[in-house]
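With CSV, C-alpha atoms inside, this is input-v1.csv:
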chain,number,residue,atom,x,y,z
Y,82,MET,CA,104.7,120.7,-79.2
Y,83,SER,CA,107.2,119.7,-76.6
Y,84,LEU,CA,108.0,121.8,-73.5
Y,85,SER,CA,110.4,124.5,-74.4
Y,86,ILE,CA,110.8,128.1,-73.3
Y,87,GLN,CA,110.1,129.1,-76.9
Y,88,ASP,CA,106.6,127.9,-76.9
Y,89,SER,CA,105.4,129.4,-73.6
Y,90,ILE,CA,106.4,131.9,-71.0
Y,91,GLU,CA,105.5,131.9,-67.3
Y,92,LYS,CA,105.5,134.8,-64.9
Y,93,GLU,CA,104.5,134.9,-61.3
Y,94,ILE,CA,104.0,137.4,-58.5
Y,95,VAL,CA,102.8,137.3,-54.9
Y,96,VAL,CA,100.2,139.9,-54.0
Y,97,ARG,CA,99.0,141.0,-50.6
Y,98,ALA,CA,95.3,140.1,-51.3
Y,99,SER,CA,93.1,137.0,-51.0
Y,100,LYS,CA,92.5,134.6,-53.8
Y,101,GLU,CA,88.9,135.7,-53.8
Y,102,ARG,CA,90.0,139.3,-54.3
Y,103,VAL,CA,92.4,138.4,-57.2
Y,104,TYR,CA,89.9,136.2,-58.8
Y,105,ALA,CA,87.4,139.0,-58.9
Y,106,ALA,CA,90.0,141.3,-60.4
Y,107,LEU,CA,90.5,138.8,-63.2
Y,108,THR,CA,86.9,137.8,-63.9
Y,109,THR,CA,84.7,140.8,-63.1
Y,110,PRO,CA,84.5,143.0,-66.3
Y,111,ASP,CA,84.5,146.3,-64.4
Y,112,GLN,CA,87.5,145.2,-62.2
Y,113,LEU,CA,89.5,143.7,-65.1
Y,114,ALA,CA,89.1,147.1,-66.9
Y,115,LYS,CA,90.8,148.8,-64.0
Y,116,TRP,CA,94.2,147.2,-64.7
Y,117,PHE,CA,94.3,145.4,-68.1
Y,118,PRO,CA,92.2,146.6,-71.1
Y,119,ILE,CA,90.5,149.9,-70.6
Y,120,GLY,CA,87.1,148.3,-71.2
Y,121,VAL,CA,85.4,144.9,-71.3
Y,122,GLU,CA,82.3,144.3,-73.3
Y,123,GLY,CA,80.5,141.1,-72.3
Y,124,THR,CA,81.0,138.6,-69.5
Y,125,LEU,CA,83.9,136.4,-68.4
Y,126,ASP,CA,82.4,133.0,-67.9
Y,127,ALA,CA,83.6,129.8,-69.6
Y,128,GLY,CA,82.6,129.7,-73.2
Y,129,ASP,CA,82.0,133.5,-73.4
Y,130,ARG,CA,83.5,135.7,-76.1
Y,131,PRO,CA,83.9,139.1,-74.6
Y,132,VAL,CA,85.6,142.0,-76.3
Y,133,PHE,CA,88.7,143.7,-74.7
Y,134,ASP,CA,88.9,147.3,-75.5
Y,135,PHE,CA,92.5,148.6,-75.7
Y,136,GLY,CA,91.5,152.1,-76.8
Y,137,GLU,CA,93.7,153.4,-79.6
Y,138,TYR,CA,95.1,149.9,-80.1
Y,139,GLY,CA,91.6,148.6,-81.0
Y,140,LYS,CA,89.1,146.1,-79.7
Y,141,PHE,CA,89.9,142.4,-79.5
Y,142,LYS,CA,87.5,139.5,-79.0
Y,143,ILE,CA,88.8,136.7,-76.8
Y,144,PHE,CA,87.4,133.3,-75.9
Y,145,VAL,CA,87.1,132.3,-72.2
Y,146,VAL,CA,88.3,128.7,-71.8
Y,147,ALA,CA,87.7,128.2,-68.1
Y,148,ALA,CA,86.7,130.2,-65.0
Y,149,ASN,CA,87.0,128.1,-61.9
Y,150,PRO,CA,86.5,130.2,-58.7
Y,151,TYR,CA,88.9,131.0,-57.1
Y,152,ASP,CA,91.8,129.0,-58.6
Y,153,TYR,CA,92.0,129.2,-62.3
Y,154,PHE,CA,91.0,131.5,-65.2
Y,155,ALA,CA,92.0,130.9,-68.8
Y,156,TYR,CA,91.3,132.5,-72.2
Y,157,ARG,CA,92.5,132.3,-75.8
Y,158,CYS,CA,93.4,135.4,-77.7
Y,159,VAL,CA,95.2,136.5,-80.9
Y,160,PRO,CA,98.3,138.1,-79.4
Y,161,GLY,CA,100.4,140.9,-80.8
Y,162,SER,CA,97.0,142.3,-81.5
Y,163,VAL,CA,97.5,145.0,-78.9
Y,164,TYR,CA,99.7,146.6,-81.6
Y,165,CYS,CA,97.2,146.0,-84.5
Y,166,PRO,CA,95.3,149.3,-84.8
Y,167,GLN,CA,92.4,147.6,-86.6
Y,168,GLY,CA,91.7,145.3,-83.7
Y,169,PHE,CA,90.5,141.7,-83.9
Y,170,LEU,CA,86.8,140.9,-83.8
Y,171,GLY,CA,86.9,137.6,-85.6
Y,172,ASP,CA,86.6,134.1,-84.2
Y,173,VAL,CA,89.6,133.6,-82.0
Y,174,LEU,CA,89.5,129.8,-82.3
Y,175,GLU,CA,89.7,130.1,-86.1
Y,176,HIS,CA,93.0,131.9,-86.0
Y,177,PRO,CA,96.5,131.2,-84.6
Y,178,ASN,CA,96.0,132.1,-80.9
Y,179,THR,CA,97.7,131.6,-77.6
Y,180,LEU,CA,96.3,130.3,-74.3
Y,181,VAL,CA,96.6,132.6,-71.3
Y,182,GLU,CA,96.2,130.9,-68.0
Y,183,PHE,CA,96.0,132.4,-64.5
Y,184,THR,CA,96.5,130.1,-61.6
Y,185,LEU,CA,96.0,131.3,-58.1
Y,186,GLU,CA,97.5,129.8,-55.0
Y,187,ALA,CA,97.1,130.9,-51.4
Y,188,VAL,CA,100.4,131.6,-49.7
Y,189,ALA,CA,101.3,133.2,-46.4
Y,190,GLY,CA,100.1,136.8,-46.5
Y,191,GLY,CA,98.5,136.7,-49.8
Y,192,THR,CA,98.1,135.0,-53.2
Y,193,ARG,CA,100.6,133.7,-55.7
Y,194,VAL,CA,99.5,134.6,-59.2
Y,195,LEU,CA,101.0,132.5,-62.0
Y,196,VAL,CA,100.4,133.5,-65.5
Y,197,LYS,CA,101.3,131.3,-68.4
Y,198,GLU,CA,101.0,132.1,-72.1
Y,199,SER,CA,101.5,129.2,-74.4
Y,200,GLY,CA,101.1,128.4,-78.1
Y,201,ILE,CA,103.6,131.1,-79.1
Y,202,ALA,CA,105.5,128.7,-81.4
Y,203,ALA,CA,102.5,128.3,-83.7
Y,204,LEU,CA,101.7,132.0,-84.2
Y,205,SER,CA,101.9,133.3,-87.8
Y,206,ALA,CA,105.0,135.2,-88.8
Y,207,GLU,CA,102.8,138.2,-89.5
Y,208,ILE,CA,101.6,138.5,-85.9
Y,209,ILE,CA,105.1,138.2,-84.6
Y,210,GLU,CA,106.4,140.8,-87.0
Y,211,LYS,CA,103.6,143.3,-86.1
Y,212,THR,CA,104.4,142.8,-82.4
Y,213,LEU,CA,108.1,143.5,-82.9
Y,214,ALA,CA,107.4,146.4,-85.3
Y,215,GLY,CA,104.9,148.1,-83.0
Y,216,ASN,CA,107.2,148.2,-80.1
Y,217,ASP,CA,109.1,151.5,-80.8
Y,218,ALA,CA,107.8,153.2,-77.6
Y,219,GLY,CA,109.1,150.5,-75.3
Y,220,TRP,CA,112.2,149.8,-77.2
Y,221,SER,CA,114.9,150.8,-74.7
Y,222,PHE,CA,113.0,149.1,-71.8
Y,223,MET,CA,112.8,146.0,-73.9
Y,224,ILE,CA,116.5,145.9,-74.7
Y,225,ASN,CA,117.2,146.0,-71.0
Y,226,ARG,CA,114.8,143.2,-70.4
Y,227,LEU,CA,116.5,141.3,-73.2
Y,228,GLU,CA,119.9,141.7,-71.7
Y,229,GLU,CA,118.6,140.3,-68.4
Y,230,TYR,CA,117.0,137.5,-70.2
Y,231,LEU,CA,120.2,136.6,-72.0
Y,232,ASN,CA,122.4,137.0,-68.9
Y,233,ASN,CA,120.1,134.6,-67.0
Y,234,GLU,CA,120.4,131.8,-69.5
H,236,MET,CA,111.9,137.5,-91.5
H,237,ALA,CA,110.2,134.2,-90.6
H,238,THR,CA,110.2,134.3,-86.8
H,239,ALA,CA,107.4,131.8,-86.5
H,240,GLU,CA,109.5,129.3,-88.4
H,241,ILE,CA,112.3,129.9,-85.9
H,242,PHE,CA,110.0,129.0,-83.1
H,243,ARG,CA,108.9,125.9,-84.8
H,244,ALA,CA,112.4,124.9,-85.5
H,245,LEU,CA,113.3,125.3,-81.8
H,246,GLY,CA,110.2,123.6,-80.5
H,247,ASP,CA,111.9,120.2,-80.3
H,248,PRO,CA,114.0,119.1,-77.4
H,249,ILE,CA,116.8,117.6,-79.6
H,250,ARG,CA,117.0,120.7,-81.8
H,251,LEU,CA,116.9,123.0,-78.8
H,252,GLU,CA,119.8,121.0,-77.2
H,253,MET,CA,121.8,121.3,-80.4
H,254,VAL,CA,121.3,125.1,-80.4
H,255,GLN,CA,122.2,125.3,-76.7
H,256,ARG,CA,125.4,123.4,-77.5
H,257,LEU,CA,126.2,125.9,-80.2
H,258,THR,CA,125.6,128.8,-77.9
H,259,ARG,CA,128.3,127.4,-75.5
H,260,GLY,CA,130.8,128.0,-78.3
H,261,GLY,CA,133.5,125.9,-79.8
H,262,ARG,CA,133.6,124.2,-83.1
H,263,CYS,CA,130.7,121.9,-83.9
H,264,THR,CA,130.3,119.3,-86.6
H,265,ILE,CA,127.3,117.0,-87.1
H,266,THR,CA,129.3,114.4,-85.2
H,267,THR,CA,130.1,116.5,-82.1
H,268,ILE,CA,126.7,118.3,-81.9
H,269,SER,CA,124.7,115.1,-81.9
H,270,GLU,CA,126.9,113.2,-79.4
H,271,GLY,CA,124.8,111.5,-76.7
H,272,LEU,CA,121.5,112.7,-78.1
H,273,GLY,CA,120.4,109.2,-79.1
H,274,VAL,CA,119.9,110.1,-82.7
H,275,THR,CA,121.4,108.5,-85.8
H,276,ARG,CA,123.7,110.6,-88.0
H,277,GLN,CA,120.9,110.7,-90.5
H,278,GLY,CA,118.4,111.8,-87.8
H,279,ALA,CA,120.8,114.5,-86.7
H,280,ARG,CA,121.2,115.7,-90.3
H,281,LYS,CA,117.4,116.0,-90.6
H,282,HIS,CA,117.2,118.0,-87.4
H,283,LEU,CA,120.0,120.3,-88.6
H,284,GLN,CA,118.3,120.8,-91.9
H,285,VAL,CA,115.1,122.0,-90.1
H,286,LEU,CA,117.3,124.5,-88.2
H,287,ALA,CA,119.1,125.5,-91.4
H,288,ASP,CA,115.8,126.1,-93.2
H,289,ALA,CA,114.7,128.4,-90.5
H,290,ARG,CA,118.1,130.1,-90.7
H,291,VAL,CA,119.0,129.3,-87.1
H,292,VAL,CA,122.2,127.5,-88.2
H,293,ALA,CA,124.4,127.5,-91.2
H,294,LEU,CA,125.8,124.2,-92.5
H,295,GLN,CA,129.2,124.1,-94.3
H,296,PRO,CA,130.6,120.9,-95.7
H,297,GLU,CA,134.1,120.2,-94.4
H,298,GLY,CA,135.8,117.0,-95.6
H,299,ARG,CA,133.5,114.1,-94.7
H,300,ASP,CA,131.8,116.0,-92.0
H,301,VAL,CA,129.7,119.2,-91.9
H,302,LEU,CA,130.6,122.3,-89.9
H,303,VAL,CA,127.6,123.7,-88.0
H,304,SER,CA,127.5,127.3,-86.9
H,305,LEU,CA,124.9,129.6,-85.4
H,306,GLU,CA,123.2,132.4,-87.3
H,307,PRO,CA,122.9,134.8,-84.4
H,308,GLU,CA,120.6,137.3,-86.1
H,309,SER,CA,117.8,134.7,-86.3
H,310,LEU,CA,118.1,133.7,-82.7
H,311,ASP,CA,118.0,137.3,-81.5
H,312,GLN,CA,114.7,137.8,-83.3
H,313,ALA,CA,113.1,134.8,-81.5
H,314,LYS,CA,114.5,136.0,-78.2
H,315,LEU,CA,113.2,139.5,-78.9
H,316,PHE,CA,109.7,138.2,-79.3
H,317,ILE,CA,109.8,136.1,-76.1
H,318,ALA,CA,111.3,139.1,-74.3
H,319,GLU,CA,108.5,141.4,-75.6
H,320,ILE,CA,105.8,139.0,-74.4
H,321,GLU,CA,107.5,138.7,-71.0
H,322,ARG,CA,107.8,142.5,-70.7
H,323,ARG,CA,104.0,142.9,-71.3
H,324,TRP,CA,103.1,140.4,-68.6
H,325,ASP,CA,105.5,142.0,-66.2
H,326,ALA,CA,103.7,145.3,-66.7
H,327,ARG,CA,100.3,143.8,-66.5
H,328,LEU,CA,101.1,141.8,-63.3
H,329,ASP,CA,102.4,145.0,-61.7
H,330,ALA,CA,99.2,146.7,-62.6
H,331,LEU,CA,97.2,143.8,-61.2
H,332,ARG,CA,99.2,144.1,-57.9
H,333,ARG,CA,98.6,147.8,-57.6
H,334,PHE,CA,94.9,147.2,-58.2
H,335,VAL,CA,94.3,144.4,-55.7
H,336,GLU,CA,96.5,145.8,-53.0
H,337,GLU,CA,95.1,149.3,-53.1
Take the structure I supplied and represent it as structure tokens, if you would.
Amino acid sequence: MSLSIQDSIEKEIVVRASKERVYAALTTPDQLAKWFPIGVEGTLDAGDRPVFDFGEYGKFKIFVVAANPYDYFAYRCVPGSVYCPQGFLGDVLEHPNTLVEFTLEAVAGGTRVLVKESGIAALSAEIIEKTLAGNDAGWSFMINRLEEYLNNE
Amino acid sequence: MATAEIFRALGDPIRLEMVQRLTRGGRCTITTISEGLGVTRQGARKHLQVLADARVVALQPEGRDVLVSLEPESLDQAKLFIAEIERRWDARLDALRRFVEE
């Protein structure tokens, strides 16, 4: 797959915290559960297959690709699954999945956090449709975002 | 509703450039849309057929050439999906910021 905006998205923020602090927030199950899934079962070392608990949206097994203190953390997941009530506990690597990569860089006053999600182009139509169909609650917000997105092209 | 097909169709630099040319407006034929892309007319036709199969573009014969036009509905769906993934990460990164800065 060639580089194109359609296959991957990148987002970044600069936070007022050290790389060590951010890395711990990403890779310590208790800390990750404070801001992302509501619970994490298992550990977050390379090769691990922990389960992210999204409460009413179900539980989802992921695959940790790399965990390199304090620079890089990456995992594979079946996305759109946040909106699949039944959850996903199968083998992530056996299904269409995306690669989520966090890259940390020290900058003046804090840390730049770059997140990249790639592999979007190869997802099944079913996943994409579920994702779009399950978005009623955030619809108006999403439309605004979409307008910004289109205006910035 | 084959959004995955749309992404696959757009996942090629030549096809992406063709679609970007279409979004800039104006009349496009196979000849004008493939100008300067370094592909033969036959190659351009194949790329456009992939886009047509994914319903990103419509092809309409016109004399010896073929008129190419966008099917905006399909493109909106692809953009919607990308926008949704971006929205999720915006929200998650905000939550991460609140957590590490508290």
Problem set entry | Phe133 in chain Y environment, 12 Å, all atoms listed in the file, sequence neighbours closer than 2 positions dropped, as a PyMOL selection string | chain Y and resi 110-111+113-114+116-125+130-131+135-145+156+158-159+162-163+168-170
For this session: For chain H, report every residue with an atom at most 7 Å from chain Y (counting all atoms listed in the file), formatted as a ChimeraX atom specification.
Result: /H:237-239,242-243,245-248,315-316,318-319,321-322,327,330-332,334-336
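Put simply, CA of Val292 in chain H is 24.3 Å away from CA of Ile320 in chain H.
Separating CA of Asp129 in chain Y from CA of Glu337 in chain H is a distance of 28.9 Å.
Each of H:Ile241, H:Ile317, H:Leu257, H:Ile265 was checked against Leu286 in chain H using all atoms listed in the file; the smallest atom-to-atom distance is that of H:Ile241.
With only C-alpha atoms as the atoms that count, the residue of H:Ala244, H:Arg333, H:Thr266, H:Arg259 with the shortest distance to Gly278 in chain H is H:Thr266.
Minimum distance to Lys281 in chain H across H:Trp324, H:Ile249, H:Arg262, H:Glu240 (counting all atoms listed in the file) occurs at H:Ile249.
Those residues that approach Gln295 in chain H to within 12 Å, counting only C-alpha atoms, are Cys263, Thr264, Ile265, Leu283, Gln284, Ala287, Val292, Ala293, Glu297, Gly298, Arg299, Asp300, Val301, Leu302, Val303, Ser304 and Leu305 of chain H; same-chain residues fewer than 2 positions away are not listed.
Here CA of Lys100 in chain Y stands at a distance of 23.1 Å from CA of Ser199 in chain Y.
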Since the input has fewer atoms than a full residue there, write range 245-258 of chain H out with N, CA and C atoms, as an mmCIF file, keeping the file's coordinate frame.
data_model
loop_
_atom_site.group_PDB
_atom_site.id
_atom_site.type_symbol
_atom_site.label_atom_id
_atom_site.label_comp_id
_atom_site.auth_asym_id
_atom_site.auth_seq_id
_atom_site.Cartn_x
_atom_site.Cartn_y
_atom_site.Cartn_z
ATOM 1 N N LEU H 245 112.765 125.514 -83.134
ATOM 2 C CA LEU H 245 113.300 125.300 -81.800
ATOM 3 C C LEU H 245 112.379 124.547 -80.884
ATOM 4 N N GLY H 246 111.180 124.272 -81.365
ATOM 5 C CA GLY H 246 110.200 123.600 -80.500
ATOM 6 C C GLY H 246 110.356 122.102 -80.479
ATOM 7 N N ASP H 247 111.570 121.649 -80.375
ATOM 8 C CA ASP H 247 111.900 120.200 -80.300
ATOM 9 C C ASP H 247 113.058 120.060 -79.385
ATOM 10 N N PRO H 248 112.970 119.138 -78.419
ATOM 11 C CA PRO H 248 114.000 119.100 -77.400
ATOM 12 C C PRO H 248 115.413 118.767 -78.001
ATOM 13 N N ILE H 249 115.481 117.962 -79.048
ATOM 14 C CA ILE H 249 116.800 117.600 -79.600
ATOM 15 C C ILE H 249 117.378 118.857 -80.335
ATOM 16 N N ARG H 250 116.538 119.540 -81.108
ATOM 17 C CA ARG H 250 117.000 120.700 -81.800
ATOM 18 C C ARG H 250 117.394 121.843 -80.842
ATOM 19 N N LEU H 251 116.597 121.936 -79.777
ATOM 20 C CA LEU H 251 116.900 123.000 -78.800
ATOM 21 C C LEU H 251 118.249 122.669 -78.116
ATOM 22 N N GLU H 252 118.489 121.396 -77.812
ATOM 23 C CA GLU H 252 119.800 121.000 -77.200
ATOM 24 C C GLU H 252 120.923 121.303 -78.170
ATOM 25 N N MET H 253 120.710 121.022 -79.438
ATOM 26 C CA MET H 253 121.800 121.300 -80.400
ATOM 27 C C MET H 253 122.108 122.792 -80.430
ATOM 28 N N VAL H 254 121.058 123.631 -80.398
ATOM 29 C CA VAL H 254 121.300 125.100 -80.400
ATOM 30 C C VAL H 254 121.991 125.522 -79.139
ATOM 31 N N GLN H 255 121.583 124.925 -78.007
ATOM 32 C CA GLN H 255 122.200 125.300 -76.700
ATOM 33 C C GLN H 255 123.715 124.906 -76.768
ATOM 34 N N ARG H 256 124.025 123.765 -77.364
ATOM 35 C CA ARG H 256 125.400 123.400 -77.500
ATOM 36 C C ARG H 256 126.195 124.385 -78.330
ATOM 37 N N LEU H 257 125.545 124.863 -79.393
ATOM 38 C CA LEU H 257 126.200 125.900 -80.200
ATOM 39 C C LEU H 257 126.447 127.163 -79.504
ATOM 40 N N THR H 258 125.482 127.540 -78.633
ATOM 41 C CA THR H 258 125.600 128.800 -77.900
ATOM 42 C C THR H 258 126.774 128.746 -76.903
#
